[in-house]
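Next comes query.txt, a file with compact mmCIF, C-alpha atoms.
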# COMPACT_ATOMS: atom_id res chain seq x y z
CA MET J 67 -59.12 -142.18 18.49
CA GLN J 68 -61.65 -139.93 16.75
CA PRO J 69 -63.84 -140.96 13.79
CA ASP J 70 -61.47 -139.10 11.44
CA GLY J 71 -58.53 -141.13 12.65
CA SER J 72 -56.96 -138.30 14.63
CA SER J 73 -56.14 -138.42 18.30
CA GLY J 74 -58.58 -135.61 19.12
CA ASP J 75 -60.38 -132.53 17.91
CA LYS J 76 -58.22 -129.71 16.63
CA VAL J 77 -58.62 -126.55 18.68
CA ARG J 78 -58.18 -122.94 17.63
CA ARG J 79 -57.87 -120.50 20.52
CA ILE J 80 -59.63 -117.17 19.99
CA ARG J 81 -59.19 -114.06 22.11
CA ARG J 82 -62.46 -113.06 23.73
CA TRP J 83 -63.62 -109.50 23.84
CA ASP J 84 -62.80 -109.20 27.57
CA GLY J 85 -59.19 -110.20 26.93
CA THR J 86 -59.50 -113.81 28.11
CA MET J 87 -59.17 -116.76 25.77
CA THR J 88 -61.81 -119.12 24.55
CA ALA J 89 -61.35 -122.29 22.54
CA PRO J 90 -64.22 -123.34 20.28
CA VAL J 91 -63.63 -126.83 19.01
CA VAL J 92 -62.65 -127.00 15.33
CA LYS J 93 -63.49 -130.48 14.12
CA GLY J 94 -61.11 -130.38 11.15
CA TRP J 95 -63.58 -132.30 8.98
CA CYS J 96 -67.06 -131.90 7.54
CA PRO J 97 -69.94 -134.33 7.92
CA GLY J 98 -70.90 -136.71 5.16
CA ALA J 99 -73.60 -139.30 4.67
CA LEU J 100 -71.38 -142.23 5.65
CA ARG J 101 -69.70 -140.21 8.39
CA PRO J 102 -72.26 -137.95 10.07
CA MET J 103 -71.50 -135.31 12.68
CA LEU J 104 -73.28 -135.02 16.02
CA SER J 105 -74.99 -131.69 16.67
CA GLY J 106 -77.31 -130.38 19.34
CA ASP J 107 -80.39 -131.74 17.57
CA GLY J 108 -79.01 -135.14 16.56
CA TRP J 109 -76.77 -136.36 13.77
CA VAL J 110 -76.20 -134.15 10.71
CA VAL J 111 -76.04 -136.27 7.55
CA ARG J 112 -74.59 -134.41 4.57
CA VAL J 113 -75.50 -135.51 1.04
CA ARG J 114 -73.21 -134.39 -1.79
CA PRO J 115 -75.33 -134.42 -4.97
CA PRO J 116 -73.27 -135.47 -8.01
CA LEU J 117 -72.47 -132.31 -10.01
CA GLY J 118 -74.76 -130.43 -7.63
CA GLN J 119 -77.86 -131.93 -9.25
CA LEU J 120 -80.83 -133.87 -7.88
CA THR J 121 -83.41 -135.59 -10.02
CA GLU J 122 -87.06 -135.21 -9.07
CA VAL J 123 -86.98 -138.72 -7.58
CA GLN J 124 -83.81 -138.04 -5.59
CA ALA J 125 -85.10 -134.75 -4.15
CA ALA J 126 -88.43 -136.29 -3.20
CA GLY J 127 -86.58 -139.24 -1.69
CA ILE J 128 -84.40 -136.99 0.50
CA ALA J 129 -87.54 -135.21 1.72
CA ALA J 130 -89.18 -138.53 2.65
CA LEU J 131 -86.03 -139.85 4.36
CA SER J 132 -85.74 -136.63 6.35
CA GLN J 133 -89.25 -137.11 7.69
CA ASP J 134 -88.77 -140.82 8.39
CA PHE J 135 -85.34 -140.76 10.02
CA GLY J 136 -84.62 -137.10 10.86
CA SER J 137 -86.35 -134.05 12.25
CA GLY J 138 -87.84 -133.03 8.91
CA LEU J 139 -85.46 -130.06 8.66
CA ILE J 140 -83.09 -129.81 5.70
CA ASP J 141 -80.11 -127.46 5.33
CA LEU J 142 -78.35 -126.24 2.21
CA SER J 143 -74.69 -125.72 3.09
CA SER J 144 -72.25 -123.08 1.85
CA ARG J 145 -70.60 -125.87 -0.18
CA ALA J 146 -73.82 -126.61 -2.04
CA ASN J 147 -74.58 -129.79 -0.14
CA ILE J 148 -77.85 -131.02 1.37
CA GLN J 149 -77.90 -131.74 5.12
CA ILE J 150 -80.51 -133.91 6.81
CA ARG J 151 -80.82 -132.84 10.45
CA GLY J 152 -81.94 -134.60 13.60
CA VAL J 153 -81.01 -138.13 12.56
CA THR J 154 -80.86 -140.65 15.39
CA GLU J 155 -78.17 -143.28 15.75
CA ALA J 156 -80.74 -146.01 15.14
CA GLY J 157 -82.06 -144.20 12.07
CA HIS J 158 -78.70 -143.74 10.37
CA THR J 159 -78.43 -147.23 8.85
CA PRO J 160 -81.89 -147.24 7.21
CA LEU J 161 -81.28 -143.65 6.08
CA ILE J 162 -78.08 -144.71 4.31
CA GLN J 163 -79.92 -147.62 2.73
CA GLY J 164 -82.45 -145.16 1.38
CA LEU J 165 -79.76 -142.81 0.06
CA ARG J 166 -77.95 -145.74 -1.54
CA ALA J 167 -81.16 -146.74 -3.35
CA LEU J 168 -81.27 -143.16 -4.70
CA SER J 169 -77.62 -143.38 -5.90
CA LEU J 170 -76.63 -140.64 -3.45
CA THR J 171 -73.85 -142.38 -1.55
CA ASP J 172 -70.22 -143.18 -2.29
CA PRO J 173 -68.53 -146.59 -1.94
CA ASP J 174 -66.78 -145.51 1.27
CA ALA J 175 -66.27 -142.52 3.55
CA GLY J 176 -62.86 -141.73 2.05
CA THR J 177 -64.23 -141.39 -1.48
CA GLU J 178 -67.11 -139.33 -0.14
CA ALA J 179 -64.74 -136.92 1.65
CA ARG J 180 -62.57 -136.42 -1.43
CA ARG J 181 -65.55 -135.67 -3.66
CA ASN J 182 -65.73 -132.16 -2.27
CA ILE J 183 -66.69 -130.24 -5.41
CA VAL J 184 -68.77 -127.08 -5.71
CA MET J 185 -70.26 -126.72 -9.18
CA THR J 186 -71.53 -123.54 -10.77
CA PRO J 187 -75.30 -124.05 -10.97
CA PHE J 188 -75.31 -122.46 -14.43
CA TRP J 189 -73.76 -125.36 -16.34
CA GLN J 190 -75.35 -126.84 -19.43
CA PRO J 191 -75.09 -130.53 -20.36
CA GLY J 192 -71.86 -131.07 -22.29
CA ASP J 193 -70.34 -127.64 -21.65
CA ASP J 194 -66.91 -127.05 -20.07
CA SER J 195 -68.18 -126.95 -16.49
CA HIS J 196 -70.20 -130.13 -16.90
CA ARG J 197 -67.33 -131.99 -18.57
CA ILE J 198 -64.68 -130.82 -16.08
CA GLY J 199 -66.90 -131.57 -13.08
CA ALA J 200 -67.53 -135.11 -14.29
CA ASP J 201 -63.82 -135.66 -15.01
CA LEU J 202 -62.82 -134.34 -11.60
CA ALA J 203 -65.36 -136.51 -9.76
CA ARG J 204 -64.09 -139.58 -11.62
CA LEU J 205 -60.43 -138.83 -10.77
CA LEU J 206 -61.24 -138.20 -7.10
CA ALA J 207 -63.01 -141.57 -6.92
CA ALA J 208 -60.09 -143.45 -8.47
CA ALA J 209 -58.05 -145.89 -6.40
CA ASP J 210 -54.93 -143.73 -6.75
CA ALA J 211 -56.66 -140.42 -5.90
CA PRO J 212 -54.67 -138.12 -3.58
CA ASP J 213 -55.49 -138.59 0.10
CA LEU J 214 -56.50 -135.00 0.73
CA THR J 215 -57.35 -133.40 4.04
CA ALA J 216 -61.00 -133.51 5.01
CA LYS J 217 -61.81 -129.86 4.31
CA PHE J 218 -59.86 -129.58 1.04
CA GLY J 219 -62.28 -128.64 -1.72
CA PHE J 220 -62.59 -127.81 -5.42
CA ALA J 221 -64.77 -125.36 -7.34
CA VAL J 222 -65.69 -125.81 -11.00
CA ASP J 223 -66.72 -122.48 -12.50
CA ALA J 224 -65.92 -122.70 -16.21
CA GLY J 225 -68.80 -120.61 -17.55
CA PRO J 226 -68.31 -117.33 -19.42
CA VAL J 227 -68.49 -115.29 -16.18
CA PRO J 228 -67.07 -116.72 -12.91
CA VAL J 229 -69.68 -116.80 -10.14
CA LEU J 230 -67.92 -118.83 -7.42
CA ARG J 231 -65.13 -116.44 -6.41
CA GLY J 232 -66.75 -115.95 -3.03
CA VAL J 233 -66.72 -119.70 -2.33
CA PRO J 234 -63.78 -120.82 -0.15
CA ALA J 235 -62.24 -123.46 -2.41
CA ASP J 236 -58.65 -124.71 -2.34
CA ILE J 237 -58.49 -125.22 -6.11
CA THR J 238 -60.78 -123.46 -8.57
CA ILE J 239 -61.18 -124.07 -12.30
CA GLU J 240 -62.52 -120.94 -13.95
CA HIS J 241 -62.38 -118.68 -16.98
CA GLY J 242 -60.20 -115.60 -16.52
CA PRO J 243 -58.57 -112.95 -18.70
CA GLN J 244 -56.09 -115.57 -19.96
CA GLY J 245 -58.79 -118.14 -20.68
CA LEU J 246 -59.54 -121.31 -18.75
CA MET J 247 -57.28 -121.65 -15.70
CA VAL J 248 -56.62 -123.81 -12.68
CA ARG J 249 -56.27 -121.41 -9.75
CA PRO J 250 -55.16 -122.24 -6.21
CA ALA J 251 -56.69 -120.24 -3.37
CA THR J 252 -55.09 -116.77 -3.10
CA GLY J 253 -52.38 -117.84 -5.54
CA GLY J 254 -51.65 -117.73 -9.26
CA GLY J 255 -53.23 -119.57 -12.14
CA LYS J 256 -52.15 -121.93 -14.91
CA PRO J 257 -53.79 -122.00 -18.36
CA VAL J 258 -55.47 -125.31 -19.22
CA THR J 259 -58.00 -126.72 -21.64
CA ALA J 260 -61.31 -128.31 -20.78
CA ALA J 261 -59.73 -131.69 -21.56
CA THR J 262 -56.76 -131.18 -19.21
CA ALA J 263 -58.30 -129.07 -16.42
CA ALA J 264 -59.34 -131.88 -14.08
CA ALA J 265 -56.02 -133.71 -14.39
CA GLU J 266 -54.12 -130.47 -13.71
CA ALA J 267 -56.25 -129.80 -10.64
CA ILE J 268 -55.39 -133.28 -9.32
CA ALA J 269 -51.70 -132.66 -10.08
CA LEU J 270 -51.85 -129.43 -8.07
CA ALA J 271 -53.51 -131.30 -5.21
CA ARG J 272 -50.66 -133.85 -5.28
CA TRP J 273 -48.14 -130.97 -5.14
CA PHE J 274 -49.99 -129.62 -2.10
CA LEU J 275 -49.55 -132.92 -0.28
CA ALA J 276 -45.95 -133.44 -1.43
CA SER J 277 -44.97 -129.95 -0.20
CA ASP J 278 -46.39 -130.65 3.29
CA GLY J 279 -49.51 -128.56 2.79
CA ALA J 280 -51.54 -130.97 4.86
CA ALA J 281 -49.44 -130.13 7.93
CA GLU J 282 -50.37 -126.43 7.95
CA GLY J 283 -53.52 -124.46 8.61
CA ARG J 284 -55.89 -127.42 8.96
CA GLY J 285 -54.77 -128.64 5.55
CA ARG J 286 -55.98 -125.72 3.44
CA MET J 287 -54.29 -124.23 0.38
CA ALA J 288 -54.59 -120.60 1.48
CA TRP J 289 -52.68 -121.28 4.70
CA HIS J 290 -50.01 -123.21 2.80
CA LEU J 291 -49.38 -120.38 0.35
CA ALA J 292 -49.46 -117.76 3.10
CA ALA J 293 -46.74 -119.74 4.89
CA GLY J 294 -44.45 -119.28 1.88
CA ALA J 295 -45.03 -122.32 -0.30
CA VAL J 296 -43.90 -121.75 -3.89
CA LEU J 297 -46.32 -122.93 -6.57
CA PRO J 298 -45.18 -125.43 -9.22
CA GLU J 299 -43.67 -124.29 -12.49
CA GLY J 300 -46.22 -122.91 -14.93
CA TYR J 301 -48.30 -121.05 -12.35
CA ALA J 302 -48.26 -117.28 -12.79
CA GLN J 303 -50.08 -114.62 -10.84
CA ALA J 304 -53.65 -114.45 -12.09
CA ALA J 305 -55.93 -111.45 -12.06
CA GLY J 306 -58.57 -111.73 -9.39
CA GLY J 307 -62.12 -110.49 -9.46
CA ALA J 308 -64.98 -109.51 -7.25
CA ALA J 309 -67.16 -112.17 -5.70
CA THR J 310 -70.66 -112.38 -7.13
CA THR J 311 -73.88 -113.89 -5.86
CA ALA J 312 -76.84 -114.78 -8.02
CA LEU J 313 -80.27 -113.41 -7.12
CA PRO J 314 -83.59 -115.23 -6.84
CA GLY J 315 -85.66 -115.32 -9.98
CA PRO J 316 -85.38 -116.49 -13.60
CA HIS J 317 -82.09 -117.61 -15.14
CA PRO J 318 -81.35 -119.32 -18.46
CA GLN J 319 -81.08 -122.72 -16.74
CA GLY J 320 -84.16 -122.35 -14.53
CA TRP J 321 -85.60 -120.50 -11.54
CA LEU J 322 -83.58 -119.72 -8.42
CA VAL J 323 -85.30 -119.69 -5.03
CA ALA J 324 -83.62 -118.84 -1.74
CA LEU J 325 -84.12 -120.49 1.64
CA ALA J 326 -84.13 -118.38 4.79
CA PHE J 327 -80.81 -119.17 6.53
CA GLY J 328 -80.41 -122.04 4.06
CA GLN J 329 -83.03 -124.19 5.77
CA CYS J 330 -86.41 -125.59 4.78
CA GLY J 331 -88.83 -128.28 5.83
CA ALA J 332 -89.07 -131.63 4.07
CA ASP J 333 -92.46 -130.60 2.71
CA THR J 334 -90.90 -127.61 0.92
CA LEU J 335 -88.23 -129.77 -0.71
CA ALA J 336 -90.90 -132.28 -1.74
CA ALA J 337 -92.98 -129.50 -3.31
CA LEU J 338 -89.96 -128.20 -5.24
CA SER J 339 -89.15 -131.72 -6.47
CA ARG J 340 -92.52 -131.86 -8.22
CA LEU J 341 -91.51 -128.89 -10.39
CA GLY J 342 -88.38 -130.43 -11.94
CA PRO J 343 -84.79 -131.47 -11.23
CA LEU J 344 -82.98 -129.31 -8.68
CA ARG J 345 -79.49 -127.86 -8.57
CA THR J 346 -77.82 -126.88 -5.31
CA THR J 347 -75.81 -123.67 -4.93
CA PRO J 348 -73.29 -122.32 -2.37
CA TRP J 349 -75.56 -119.28 -1.82
CA ARG J 350 -78.19 -121.30 0.07
CA MET J 351 -80.45 -121.23 -2.97
CA LEU J 352 -81.92 -123.99 -5.10
CA MET J 353 -82.47 -123.86 -8.84
CA VAL J 354 -85.45 -125.62 -10.38
CA GLU J 355 -84.22 -126.68 -13.81
CA GLY J 356 -86.29 -125.45 -16.74
CA LEU J 357 -88.82 -123.58 -14.59
CA THR J 358 -89.93 -120.30 -16.18
CA ALA J 359 -92.49 -119.02 -13.66
CA ARG J 360 -92.26 -118.19 -9.96
CA PRO J 361 -93.18 -121.28 -7.90
CA ASP J 362 -96.17 -120.82 -5.62
CA ILE J 363 -94.66 -122.47 -2.54
CA PRO J 364 -94.89 -120.84 0.91
CA GLY J 365 -91.72 -120.02 2.82
CA LEU J 366 -89.37 -119.39 -0.12
CA ILE J 367 -87.46 -116.16 -0.65
CA GLN J 368 -88.53 -115.08 -4.11
CA HIS J 369 -87.46 -111.43 -4.42
CA ALA J 370 -83.99 -109.92 -4.68
CA ASP J 371 -84.85 -107.18 -2.16
CA ASP J 372 -86.00 -109.54 0.59
CA PRO J 373 -84.33 -108.39 3.85
CA LEU J 374 -83.45 -111.98 4.78
CA LEU J 375 -80.92 -112.01 1.94
CA ARG J 376 -78.95 -109.36 3.85
CA VAL J 377 -78.39 -111.52 6.94
CA THR J 378 -76.51 -114.76 7.52
CA ALA J 379 -76.84 -116.89 10.63
CA CYS J 380 -75.61 -120.30 11.70
CA THR J 381 -77.77 -122.90 13.44
CA GLY J 382 -77.07 -121.34 16.81
CA ALA J 383 -78.24 -122.66 20.18
CA PRO J 384 -79.65 -125.14 20.96
CA GLY J 385 -79.15 -126.86 17.59
CA CYS J 386 -75.35 -126.47 17.75
CA PRO J 387 -73.67 -127.60 21.00
CA GLN J 388 -70.92 -124.96 20.62
CA ALA J 389 -73.27 -122.01 20.13
CA LEU J 390 -73.54 -119.65 23.08
CA GLN J 391 -76.79 -117.97 22.01
CA PRO J 392 -79.73 -118.50 19.64
CA THR J 393 -78.91 -116.77 16.35
CA ARG J 394 -81.68 -116.94 13.78
CA PRO J 395 -84.48 -115.24 15.74
CA LEU J 396 -82.15 -112.27 16.30
CA ALA J 397 -81.02 -112.20 12.66
CA ARG J 398 -84.61 -112.34 11.44
CA ALA J 399 -85.60 -109.48 13.74
CA LEU J 400 -82.67 -107.30 12.65
CA ALA J 401 -82.93 -108.00 8.91
CA PRO J 402 -85.46 -105.24 8.00
CA GLY J 403 -83.09 -102.59 9.38
CA ILE J 404 -80.03 -103.78 7.43
CA ALA J 405 -80.08 -101.73 4.24
CA PRO J 406 -77.90 -102.45 1.19
CA PRO J 407 -74.96 -102.61 0.81
CA LEU J 408 -74.62 -103.72 4.44
CA HIS J 409 -74.72 -107.39 5.35
CA LEU J 410 -75.04 -108.80 8.85
CA HIS J 411 -73.54 -112.09 10.01
CA VAL J 412 -74.85 -113.49 13.32
CA SER J 413 -72.62 -116.25 14.68
CA GLY J 414 -73.27 -118.47 17.67
CA CYS J 415 -69.55 -118.82 18.44
CA ALA J 416 -66.13 -117.65 17.28
CA LYS J 417 -65.82 -120.25 14.51
CA GLY J 418 -68.04 -118.41 12.02
CA CYS J 419 -69.20 -121.53 10.18
CA ALA J 420 -72.03 -119.83 8.28
CA HIS J 421 -69.83 -117.05 6.88
CA PRO J 422 -66.06 -117.59 7.27
CA GLY J 423 -65.19 -114.46 5.32
CA VAL J 424 -65.33 -110.75 6.08
CA ALA J 425 -68.75 -109.15 6.62
CA PRO J 426 -69.60 -105.45 7.09
CA LEU J 427 -71.26 -106.27 10.42
CA THR J 428 -70.70 -109.42 12.49
CA LEU J 429 -72.35 -110.28 15.78
CA VAL J 430 -70.49 -112.95 17.75
CA ALA J 431 -72.27 -114.66 20.65
CA GLN J 432 -70.71 -114.47 24.12
CA PRO J 433 -71.82 -116.37 27.23
CA ASP J 434 -73.61 -113.27 28.49
CA GLY J 435 -74.40 -111.29 25.33
CA TRP J 436 -72.96 -110.26 21.99
CA ALA J 437 -69.85 -108.66 20.52
CA LEU J 438 -69.83 -106.58 17.34
CA VAL J 439 -67.09 -106.72 14.69
CA ARG J 440 -66.98 -104.18 11.86
CA HIS J 441 -65.59 -105.22 8.48
CA GLY J 442 -64.08 -108.41 9.82
CA THR J 443 -64.63 -112.03 10.73
CA THR J 444 -65.66 -113.77 13.93
CA ALA J 445 -61.97 -114.14 14.84
CA ASP J 446 -61.29 -110.40 14.72
CA THR J 447 -61.35 -107.96 17.61
CA GLY J 448 -64.70 -106.35 18.32
CA VAL J 449 -66.54 -104.58 21.10
CA THR J 450 -68.96 -106.01 23.64
CA LEU J 451 -72.44 -104.58 23.25
CA PRO J 452 -74.21 -103.36 26.36
CA PRO J 453 -76.93 -105.55 27.86
CA GLY J 454 -80.45 -105.19 26.56
CA PRO J 455 -82.29 -105.45 23.23
CA ILE J 456 -80.24 -105.10 20.07
CA THR J 457 -81.59 -102.97 17.22
CA ALA J 458 -80.29 -102.57 13.69
CA ALA J 459 -80.02 -98.80 14.19
CA HIS J 460 -77.86 -99.37 17.29
CA LEU J 461 -75.61 -101.77 15.38
CA ILE J 462 -75.08 -99.29 12.58
CA GLU J 463 -74.39 -96.54 15.12
CA GLN J 464 -71.92 -98.73 16.97
CA SER J 465 -70.20 -99.70 13.73
CA HIS J 466 -69.09 -96.07 13.30
CA ALA J 467 -67.87 -95.68 16.87
CA PRO J 468 -64.15 -94.82 17.18
CA HIS J 469 -63.39 -97.77 19.46
CA LEU J 470 -64.13 -100.11 16.53
Structure re-expressed in structure tokens:
Amino acid sequence: MQPDGSSGDKVRRIRRWDGTMTAPVVKGWCPGALRPMLSGDGWVVRVRPPLGQLTEVQAAGIAALSQDFGSGLIDLSSRANIQIRGVTEAGHTPLIQGLRALSLTDPDAGTEARRNIVMTPFWQPGDDSHRIGADLARLLAAADAPDLTAKFGFAVDAGPVPVLRGVPADITIEHGPQGLMVRPATGGGKPVTAATAAAEAIALARWFLASDGAAEGRGRMAWHLAAGAVLPEGYAQAAGGAATTALPGPHPQGWLVALAFGQCGADTLAALSRLGPLRTTPWRMLMVEGLTARPDIPGLIQHADDPLLRVTACTGAPGCPQALQPTRPLARALAPGIAPPLHLHVSGCAKGCAHPGVAPLTLVAQPDGWALVRHGTTADTGVTLPPGPITAAHLIEQSHAPHL
């Protein structure tokens, strides 16, 4: 029996570029603090900051715990969570004790898994997003909360302009043309008020379970709707919108800084904690609340035209045991040649964890090289690149080749 209670890892078979089949292991669950996940560099312990916010003490505490019980490397995930890397089995218990003292753990692993909420970082105390996020967290921690699948997640984006449409959430609460709505992934929306939004989101989650949504597509809403599930009464087709990503720099709530590939050292997080409370984002950026001037901290991405903002890369080998090649050195080397509006995703295997969606250019690691996908995902058909050094100019040339 696996730690998630299943009989084994779920496996998705992907067709390789040479026509054979490969089967990267899909865990079917995400790590937490109470339930870490083993990677190539040790245990990954994921901390889910309440409402996406860390006090100065909490941020400094995570930095210290990372140095004491991990490798000193900290990730910011695409679901706006903090990941402490390189934790040993012996170090996990004292690490959890430290997180508990910082009020950064849940009562149990089940509650932790359900509290899978991405918050817009642009909320203000007492506004709709703040109120709905708090209500939703309370309902998900209740004894009668729905027993959702481990990857099922919510997004709270109730500001004047939605900013989380690019975040893969199963249920989103956002403002649209018809006002505040609860919107299932790829489906229609239902008008709500700030007072009823969280309860309606929980009701929709219960419908998902009652209609056997957990049995399809690794328990995700998009798969359930694509399989023909009919939404409950009151849900009408809602107008969609383009995904947006905030840029580094000043914002009304504070100053946004980006982390190269969403990773920093514990010393960087400690330095940021001395500037004010932090908010996590799904764009691998951190916001320093109330900061009005650019922080003078080495290693941060501070400018909107930084080439590293145009590349995405997973941990890669050797940090991830499923990765077939190192990823970030290649992505860093290629970044200066990737001009807007292009974006390059470099993935160590066919799972595409760092960027599940479509990218203009995607490099997928193979046992003996790389394959290139144009305007697709890591699961789409691409072409094997010839052996030898890869250049950005060659990628762009290959992306226009007829065989793609």
Quick one: what's the axis-aligned box for segment 256-262 of chain J, all listed atoms, 4 Å on every side, centre and edges in Å to one decimal, as JSON?
{"center_x": -56.7, "center_y": -126.8, "center_z": -18.3, "size_x": 17.2, "size_y": 17.8, "size_z": 14.7}
Give me the residues within 10 Å of Arg394 of chain J as a tab-separated table (two decimals) with C-alpha atoms, in the frame of the given file, counting all atoms listed in the file and dropping any in the same chain fewer than 3 places off.
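Wrote around.tsv, looks like this:
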chain	number	residue	atom	x	y	z
J	326	ALA	CA	-84.13	-118.38	4.79
J	327	PHE	CA	-80.81	-119.17	6.53
J	377	VAL	CA	-78.39	-111.52	6.94
J	378	THR	CA	-76.51	-114.76	7.52
J	379	ALA	CA	-76.84	-116.89	10.63
J	380	CYS	CA	-75.61	-120.30	11.70
J	381	THR	CA	-77.77	-122.90	13.44
J	382	GLY	CA	-77.07	-121.34	16.81
J	383	ALA	CA	-78.24	-122.66	20.18
J	391	GLN	CA	-76.79	-117.97	22.01
J	397	ALA	CA	-81.02	-112.20	12.66
J	398	ARG	CA	-84.61	-112.34	11.44
J	399	ALA	CA	-85.60	-109.48	13.74
J	400	LEU	CA	-82.67	-107.30	12.65
J	412	VAL	CA	-74.85	-113.49	13.32
J	413	SER	CA	-72.62	-116.25	14.68
J	414	GLY	CA	-73.27	-118.47	17.67
Report task. Considering all atoms listed in the file, return as a PyMOL selection string whatever protein or nucleic-acid residues lie within 8 Å of segment 184-197 of chain J, sequence-local ones (same chain, fewer than 6 positions apart) excluded. Result -> chain J and resi 117-118+145-146+219-225+229-230+260+318-319+345-348+353
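Of the listed residues (J:Ala337, J:Ala125, J:Leu313, J:Val227), J:Val227 comes nearest to Gly242 of chain J; the distances count all atoms listed in the file.
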Requested in this report: Identify which of the residues J:Gly328, J:Gly152, J:Gly253, J:Pro97 lies closest to Ala295 of chain J, counting only C-alpha atoms when measuring atom-to-atom distances.
Outcome: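 Selected residue with least distance to Ala295 of chain J: J:Gly253.
The space between atom CA of Gly385 of chain J and atom CA of Leu131 of chain J spans 19.8 Å.
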Query raised in the report: Within 10 Å of Thr334 of chain J, counting all atoms listed in the file, which residues qualify if same-chain residues fewer than 3 places away don't, as a list in words?
Result: Ala126, Ala129, Leu139, Ile140, Leu325, Gln329, Cys330, Gly331, Ala337, Leu338, Ser339, Ile363, Pro364, Gly365 and Leu366 of chain J
Go ahead and write the residues just picked, C-alpha atoms, as a PDB file, in the frame of the given file.
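Written out: part12.pdb:
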ATOM      1  CA  ALA J 126     -88.430-136.290  -3.200  1.00  0.00           C
ATOM      2  CA  ALA J 129     -87.540-135.210   1.720  1.00  0.00           C
ATOM      3  CA  LEU J 139     -85.460-130.060   8.660  1.00  0.00           C
ATOM      4  CA  ILE J 140     -83.090-129.810   5.700  1.00  0.00           C
ATOM      5  CA  LEU J 325     -84.120-120.490   1.640  1.00  0.00           C
ATOM      6  CA  GLN J 329     -83.030-124.190   5.770  1.00  0.00           C
ATOM      7  CA  CYS J 330     -86.410-125.590   4.780  1.00  0.00           C
ATOM      8  CA  GLY J 331     -88.830-128.280   5.830  1.00  0.00           C
ATOM      9  CA  ALA J 337     -92.980-129.500  -3.310  1.00  0.00           C
ATOM     10  CA  LEU J 338     -89.960-128.200  -5.240  1.00  0.00           C
ATOM     11  CA  SER J 339     -89.150-131.720  -6.470  1.00  0.00           C
ATOM     12  CA  ILE J 363     -94.660-122.470  -2.540  1.00  0.00           C
ATOM     13  CA  PRO J 364     -94.890-120.840   0.910  1.00  0.00           C
ATOM     14  CA  GLY J 365     -91.720-120.020   2.820  1.00  0.00           C
ATOM     15  CA  LEU J 366     -89.370-119.390  -0.120  1.00  0.00           C
TER      16      LEU J 366
END
Report task. Kindly give the distance, in Å, that separates atom CA of Ile462 of chain J and atom CA of Leu142 of chain J, rounded to a single decimal. Result ->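 Between these atoms lies a distance of 29.1 Å.
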**Report entry** Nearby residues (all atoms listed in the file) at most 12 Å from Gly300 of chain J, same-chain spacing under 2 positions excluded, as an MDAnalysis selection string
**Finding:** chainID J and resid 247:249 254:258 266 270 296:298 302:304
Query - Using only C-alpha atoms: which of J:Asn147, J:Thr457, J:Gln464, J:Gln368 has the shortest distance to Leu438 of chain J - result: J:Gln464
Query raised in the report: With only C-alpha atoms as the atoms that count, which of J:Asp446, J:Asp371, J:Asp236, J:Asp141 lies nearest to Ala416 of chain J?
Result: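 Nearest to Ala416 of chain J: J:Asp446.
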Report summary line: Separating atom CA of Gly342 of chain J from atom CA of Val110 of chain J, to the nearest tenth of an Å, is a gap of 26.0 Å
**Report entry** Distance query Arg272 of chain J at most 9 Å, only C-alpha atoms, self and fewer than 6 positions along chain excluded, as a PyMOL selection string
**Finding:** chain J and resi 211-214
**Report entry** Of the listed residues J:Lys217, J:Pro343, J:Ala336, J:Pro407, that which approaches Met287 of chain J most closely, counting all atoms listed in the file
**Finding:**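 Closest residue, counting all atoms listed in the file: J:Lys217.
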Query raised in the report: Using all atoms listed in the file, which of the listed residues (J:Gln124, J:Thr447, J:Thr310, J:Thr238) sits closest to Ala271 of chain J?
Result: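 Answer, going by the shortest atom-to-atom distance: J:Thr238.
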Working from the structure I just supplied, which lacks atoms in segment 309-314 of chain J, can you model N, CA, C and O atoms there and output them as a compact mmCIF listing (two decimals), keeping the file's coordinate frame?
# COMPACT_ATOMS: atom_id res chain seq x y z
N ALA J 309 -66.23 -111.06 -5.92
CA ALA J 309 -67.16 -112.17 -5.70
C ALA J 309 -68.56 -111.75 -6.12
O ALA J 309 -68.96 -110.60 -5.95
N THR J 310 -69.30 -112.67 -6.70
CA THR J 310 -70.66 -112.38 -7.13
C THR J 310 -71.61 -113.40 -6.51
O THR J 310 -71.21 -114.51 -6.17
N THR J 311 -72.84 -113.00 -6.36
CA THR J 311 -73.88 -113.89 -5.86
C THR J 311 -75.11 -113.74 -6.73
O THR J 311 -75.53 -112.62 -7.02
N ALA J 312 -75.65 -114.84 -7.19
CA ALA J 312 -76.84 -114.78 -8.02
C ALA J 312 -78.04 -114.37 -7.16
O ALA J 312 -78.03 -114.50 -5.94
N LEU J 313 -79.06 -113.87 -7.81
CA LEU J 313 -80.27 -113.41 -7.12
C LEU J 313 -81.43 -114.33 -7.44
O LEU J 313 -81.46 -114.97 -8.50
N PRO J 314 -82.41 -114.41 -6.55
CA PRO J 314 -83.59 -115.23 -6.84
C PRO J 314 -84.30 -114.74 -8.09
O PRO J 314 -84.27 -113.56 -8.42
